Structures are given as structure tokens and as C-alpha cells.
Amino acid sequence: MSTDRKATELIHHPYEAPEGFASPVVGVHKASTVFFNSVADLRARRWVDKSGYTYGLHGTPTTFTLEARLATLEGAKHVILAPSGLSALTVVNMALLKAGDAVLLPDNVYYPSRDFAQHEMAGWGVSHRLYDPLDAASLRAQLQPDVKLVWLEAPGSVTLEFPDLPALIATIREAAPQAVIALDNTWGAGLAFAPFELGLDLTIHALTKYPSGGGDVLMGSIACRDDALYEKLAWTHSRLGLGVGMNDVESVLRSLPTLPLRYAAQDASCRRIAAWAQARPEVRRVLHPAVAGSPGHEHWAKLCTAAAGLVTLEMDPAIPSGKVDAFVDGLKRFRIGWSWGGPVSLAVPYRVNGLRKLPQPYEGVLVRLCIGLEATEDLIADLEAGIQKLRG
């Protein structure tokens, strides 16, 4: 056989592996081009209902499998994958809002989401307003006819206030039935509570966090139950040309079976660290939904049993911010870095100025701790050593 013929045979080789192979790991199907059996097949096949494959950007068996498993986790019917949690938020905003519409955001919203509303969406003629997530009356006052989307967070970013979700959802349904209700459920991870049982319309996850679990994958998801809402979101997602890498999908699929175990372990460790911090005079307040006295604790207690692995320490206002920064710099087990949900514990200091738009009760520098999978005793010893240096 000539070299030229071999080139053709290597591309169009007749061998096909037998069917029936099964293992614990989902196969990684990579594709841009997807083959069709005929022109009629090409014209008839649909991807949006996941009845077939049309192009790699629209899904392969690997992504369809992850989407189905995430739908089960969240209690949804449909799931769409996005390149990051922030891109999932963006798809929802772009699919559901147009010029003249308004979106409502909790004052403790994930900051990049507020930033997107202040810049890109404002430039497109979409306005935004903030509400106090712990005050249903504050929300009701903002629910005008122009509101087409309301975002909820449980708990809020950095300061971890836990809202009365049933009360907020009931308020929106009564005062603004035209509005879609969306929840950033990254903290809950599909485990802390059942979001769709509360009557909201969609959720997003930063799969970067707990579902991935390794601190090495960027991905997000959008979940919903309504068919028409799903198609609206899916077509916007498609027109934006968003896709995810199959090796990243494989990583999340491999991590999902251990998600409940990791989540429970990080939750338990975080509660022990929160209890330690409550006894420290250098800490003015411990912000953690499961801690009595933390804002919204009573709402968390009615809805949840789990509480994830995040705790924020509001330091004594008498401690200068430079000293708090030095405290974080001096930690050995806690690394400095964004995100959470991975095996390595993280610490980041926040200055309260500019963190909120509405009046807020925080005075000292905030230190958010993201608890990983290290031995809890080692983490407490690290914090204790840092506090001793801080006092000195």
C-alpha cells in the first residue's frame, strides 16, 4: 500500500470498537465536527432537547451526562453548562433582559455580578436596583413593573447573611408575577436545601467550587424545570458560542460522587473553626449561617442542616487593617487566593468600605476563611499562632 493510500486509510479506517464497554468513569467524547448518516439526518437532528448531537459546542455524550447528573443534584429538569459561574450568571441576564427592563440584586450580591449590571447592562439600557436581602419590605419597594429578573443569594457573598428565601419568593410572586426568580446556589451545592421546592425559577452554580472540588477547573451551570425557560436560555447560550472543555467535564464528573462527603467534612471543620473564633476577643463577630447571632441564622435553621465551608471573621475595629493583613500573610496552612471549595484552605481580608451600597453594620476588617480538607486541628493551630502574633 502506498504512503498516500495509508494516509487515507488512517483517516477512514473501518474498525469500530464493540459496544457494551462499561466502567465507573464516563467516556470523554471530544468533538467539534459531529458526523451525520445522511443529509436528511443533518436537517432533522436537534440538540436543544438532547435527542441528538449536531456540533461539539452543543454537546457530546460527556456533557449530556454531566448535565443530567447535575439536574438530579439540583432537583431540576434541564441544565446548561457554561465556562464559569460568572458566565452562567451572564447568560441568564442576557437571555431574560432587554432595554427598558430592570434587574434586582441583593446588596450582598457576588461583586462581579453587580459590576456587570453597573457597566455592560447599563450600557444596553437595562437598569438595576439593590435591595436588603434580610428585609422583605426593602425588596417589595423595588418590585415595579419594569422588573423582569430578581436575583437571590443564600447566603450573601463574603458576609454570609442568610435570607428568608420563602418570604422573599412569596413577595416577588405577589408583587411582580412577571419576574423570573433566580438563585445563585453555589454555596448550597444542591445539598444544603432543595431550591426548586421553594418555588423559584432557576439556579446557577459555580461548578468551579464544590462540584469540581480540586481548585483546578472553571465551569458553571444553569438549572431550571420549565421547558420554555430552558429553551430561551439554551438558545442565548448557543448564540453566544459558549462551550466547555471535555477534560474539564470529565474532572467534574469524577468529583461528583465524593461531593456529599467533601461538603460534609468541610462543613464540620468550618463549624469547629467558627466555634474557636467565637472565643477570641480579637474577633468582634463570627459570620456563619449556622452560628447563632449571625445575620439570618434563624432563616438558615428553618431551611437547612448543612452549612458549607465558609466563615468570615469580623475583626475588632481597633485592630488596624495593616495588622490584619499581616495576620493573613503570616498564616502557613491557609493560602491567600480567590475561590473556595477545593482541598486547600484559603484566607482573604476585605475592607468594608465599598463592599456594600446600603447601610451595613460591619466595622472591622473582614477575613473570609474557606475551609479545605486539612486536619481541623492544624488549621486551628495555624490561626491561633497568627492571633498570637497579631496580639504582639
# chains A, B, ... in the order shown; residues from 1 in each chain; ligands from 1
>>> select_by_dssp(residues="segment 115-190 of chain A", states="helix (DSSP H, G or I)", output="PyMOL selection string")
chain A and resi 115-123+136-142+165-175
>>> atom_distance(atom1="atom CA of Asp146 of chain A", atom2="atom CA of Leu233 of chain A")
20.1 Å
>>> residues_around(residues="Asp135 of chain A", least_positions_apart="4", cutoff="10 Å", atoms="only C-alpha atoms", output="ChimeraX atom specification")
/A:131,139-140,163-164,167-168
>>> select_by_dssp(residues="segment 225-375 of chain A", states="strand (DSSP E or B)", output="JSON, numbers by chain")
{"A": [283, 284, 285, 286, 287, 310, 311, 312, 313, 314, 315, 335, 346, 347, 348, 349, 350, 366, 367, 368, 369, 370]}
>>> atom_distance(atom1="atom CA of Ser339 of chain A", atom2="atom CA of Lys209 of chain A")
6.9 Å
>>> residues_around(residues="Ala306 of chain A", least_positions_apart="3", cutoff="9 Å", atoms="only C-alpha atoms", output="list of chain:residue names")
A:Gly188, A:Leu191, A:Ala192, A:Phe193, A:Tyr263, A:Ala264, A:Asp267, A:Ala268, A:Ala290
>>> atom_distance(atom1="atom CA of Asp316 of chain A", atom2="atom CA of Gly386 of chain A")
14.8 Å
>>> residues_around(residues="Val244 of chain A", least_positions_apart="4", cutoff="9 Å", atoms="only C-alpha atoms", output="PDB file with C-alpha atoms, in the first residue's frame")
ATOM      1  CA  LEU A  57     -20.285  23.202  21.003  1.00  0.00           C
ATOM      2  CA  THR A  63     -21.580  16.946  28.611  1.00  0.00           C
ATOM      3  CA  LEU A  81     -23.049  24.152  31.179  1.00  0.00           C
ATOM      4  CA  ALA A  82     -21.068  27.401  30.960  1.00  0.00           C
ATOM      5  CA  PRO A  83     -17.324  28.175  31.026  1.00  0.00           C
ATOM      6  CA  SER A  84     -17.549  29.660  34.559  1.00  0.00           C
ATOM      7  CA  LEU A 218     -13.536  26.662  35.804  1.00  0.00           C
ATOM      8  CA  MET A 219     -17.159  25.879  34.972  1.00  0.00           C
ATOM      9  CA  ASP A 248     -12.874  19.711  32.477  1.00  0.00           C
ATOM     10  CA  VAL A 249     -16.258  17.983  32.239  1.00  0.00           C
TER      11      VAL A 249
END
